[in-house]
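Student: Let me begin by handing over the structure; questions about it come next.
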Amino acid sequence: MGCTFLIDSNLPINTEDEKVAKVLRDFNVTYHETTDLPLIGREIRAHKPDIAYIPSADWHRSLRDGDRHYSGLVIPTSKFTGKTDLPSVLVVRRDDPATSLVDLRGASYGYINKSCTSSYFPPIVMLHRKGMCADEFLDMRPVKAWQGQIDAVVDGEVRATMVPEDTWRILGANAETTKIIDRFEEGKPGIVVARCDLDQKLRAELTDALVEWTPSSCSIYSRFKPFQQEDTESLFRQLDQLPPGS
């Protein structure tokens, strides 16, 4: 009987890479890509996929609820630093008078989805530290991901957004049309998790194949590395401070 691999398709991965594809074939792993976050959440809570590439906040929700069905397999790194730290930056148009998050009361704010640790959770955590509620402070609106968020700011669809600093730096024109006015240092990328009792040979070979895969130059992340608990500790500590249901 084969295994299943659930992938949030907002997160970069190449299942057709020669080595990755070989592991999937050899172990009869079928994969399903989707951007349906409610579906991903339900699947993870029901322990349906054997392996999953999901926002790290989704895994944190499981851990916070005492669910230890999955463990970390690999995690992407920054294409600029090689680390798993992905600071998220608050971006507005170049001519915007705001100089920090607190200047944006009532502003329209673009985020990818409610599991996103670069666009959704950073302002919530930052405002919570100041005793404020993001839902009351910002007009939060879903927009297209990554460069699409920055484009939404430039085009006036929203006033502000937060993206990984790496994403903002990839395109030089972003510094000409937008500016950074605040930042969240504890940002982390998505993570590949696997059920704890997954076949050890599959676990090892898939880990090796993913670590060896080199993303394209336009990818938001760089290469995977084997997951270690400290890779997500700083973010998870911040998420633990939020009220239940955040």
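Letters for chains follow the order of the structure tokens (A, B, ...), residue numbers begin at 1 for each chain, and ligand numbers begin at 1 in the order shown.
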Can you pull out the residues contacting stretch 65-80 of chain A? Cut-off 7 Å, using only C-alpha atoms, and skip same-chain residues under 3 positions away; I want them as JSON, numbers by chain.
Tutor: {"A": [61, 62, 83, 84, 85, 86, 166, 189, 190, 191, 192, 193, 194, 195, 196, 207, 221, 222, 223, 224, 225, 226, 227]}
Student: Write out as a PDB file with C-alpha atoms, in the first residue's frame each polymer residue whose atoms come within 12 Å of A:Pro49, counting only C-alpha atoms; drop sequence neighbours fewer than 6 positions from it.
Tutor:
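The result, stored in part.pdb:
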```pdb
ATOM      1  CA  GLY A   2       1.387   3.405  -0.992  1.00  0.00           C
ATOM      2  CA  CYS A   3       1.729   6.691   0.866  1.00  0.00           C
ATOM      3  CA  THR A   4       0.202  10.110   0.316  1.00  0.00           C
ATOM      4  CA  PHE A   5       2.001  13.462   0.143  1.00  0.00           C
ATOM      5  CA  LEU A   6      -0.127  16.603   0.626  1.00  0.00           C
ATOM      6  CA  ILE A   7       1.428  19.834  -0.683  1.00  0.00           C
ATOM      7  CA  VAL A  29       3.935   7.851  -2.993  1.00  0.00           C
ATOM      8  CA  THR A  30       1.091   9.808  -4.581  1.00  0.00           C
ATOM      9  CA  TYR A  31       0.989  13.560  -4.124  1.00  0.00           C
ATOM     10  CA  HIS A  32      -1.803  16.117  -4.150  1.00  0.00           C
ATOM     11  CA  GLU A  33      -1.237  19.864  -4.489  1.00  0.00           C
ATOM     12  CA  LEU A  39      -8.900  21.323   3.422  1.00  0.00           C
ATOM     13  CA  ILE A  40      -5.239  21.057   4.408  1.00  0.00           C
ATOM     14  CA  GLY A  41      -6.166  21.769   8.015  1.00  0.00           C
ATOM     15  CA  ARG A  42      -8.866  19.100   8.030  1.00  0.00           C
ATOM     16  CA  GLU A  43      -6.556  16.549   6.393  1.00  0.00           C
ATOM     17  CA  HIS A  69       1.313  12.459  14.902  1.00  0.00           C
ATOM     18  CA  TYR A  70       3.786  14.305  12.648  1.00  0.00           C
ATOM     19  CA  VAL A 192       7.725  19.179   5.256  1.00  0.00           C
ATOM     20  CA  VAL A 193       6.399  16.911   8.005  1.00  0.00           C
ATOM     21  CA  ALA A 194       5.892  13.156   8.044  1.00  0.00           C
ATOM     22  CA  ARG A 195       4.012  10.847  10.337  1.00  0.00           C
ATOM     23  CA  CYS A 196       6.281   9.694  13.123  1.00  0.00           C
ATOM     24  CA  LEU A 198       6.750   6.546   8.505  1.00  0.00           C
TER      25      LEU A 198
END
```
Student: Extract the full set of helix (DSSP H, G or I) residues from stretch 19-132 of chain A according to DSSP on the backbone, and format it as a ChimeraX atom specification.
Tutor: /A:19-26,37-45,56-64,101-104,121-129
Student: Can you tell me, as a ChimeraX atom specification, what residues are no more than 8 Å from A:Ile180 when counting only C-alpha atoms, ignoring any on the same chain fewer than 6 positions away?
Tutor: /A:89-92
Student: Excluding A:Asn10 and any residue of its chain fewer than 6 positions from it, enumerate the residues within 9 Å of it, using only C-alpha atoms, and give them as a PyMOL selection string.
Tutor: chain A and resi 34-35+145
Student: Quick one: residues within 12 Å of A:Phe121, only C-alpha atoms counted, chain neighbours fewer than 4 positions away excluded, as a ChimeraX atom specification?
Tutor: /A:55-58,88,110-117,125-128,133-135,140,161-163,184,186-188,235-236,238-242,246
Student: Neighbouring residues of A:Asn14 were defined as those with any atom within 10 Å, considering only C-alpha atoms; residues of the same chain fewer than 6 positions away were excluded. Please report them as a PyMOL selection string.
Tutor: chain A and resi 20-21+210+213-216
Student: Using only C-alpha atoms, find the one residue out of A:Phe27, A:Val102, A:Leu37, A:Lys201 that sits nearest to A:Gly131.
Tutor: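 The answer is A:Val102, which sits nearest to A:Gly131.
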Student: Measuring atom to atom with only C-alpha atoms, identify which of A:Asp103, A:Asp96, A:Glu136, A:Asp197 is nearest to A:Thr178.
Tutor: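 So, comparing all the options, the nearest one is A:Asp96.
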Student: One decimal, Å: what's the distance from atom CA of A:Asp26 over to atom CA of A:Ser219, could you say?
Tutor: 27.0 Å
Student: Using DSSP on the backbone, list every residue of stretch 4-172 of chain A that comes out as strand (DSSP E or B), and give them as an MDAnalysis selection string.
Tutor: chainID A and resid 4:8 29:34 51:54 70:76 88:93 108:111 139:142 160:164
Student: For a quick check of understanding, using only C-alpha atoms, which of A:Glu205, A:Gln229, A:Arg169, A:Val211 has the smallest distance to A:Lys22?
Tutor: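 Of the candidates, the smallest distance to A:Lys22 is held by A:Glu205.
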Student: Looking at A:Ile44, A:Ile13, A:Leu202, A:Leu63, which one is nearest to A:Arg237, with distances taken over only C-alpha atoms?
Tutor: A:Leu63
Student: Take atom CA of A:Ser119 and atom CA of A:Pro142 and report the distance between them in Å, one decimal.
Tutor: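 Separation of atom CA of A:Ser119 and atom CA of A:Pro142: 9.8 Å.
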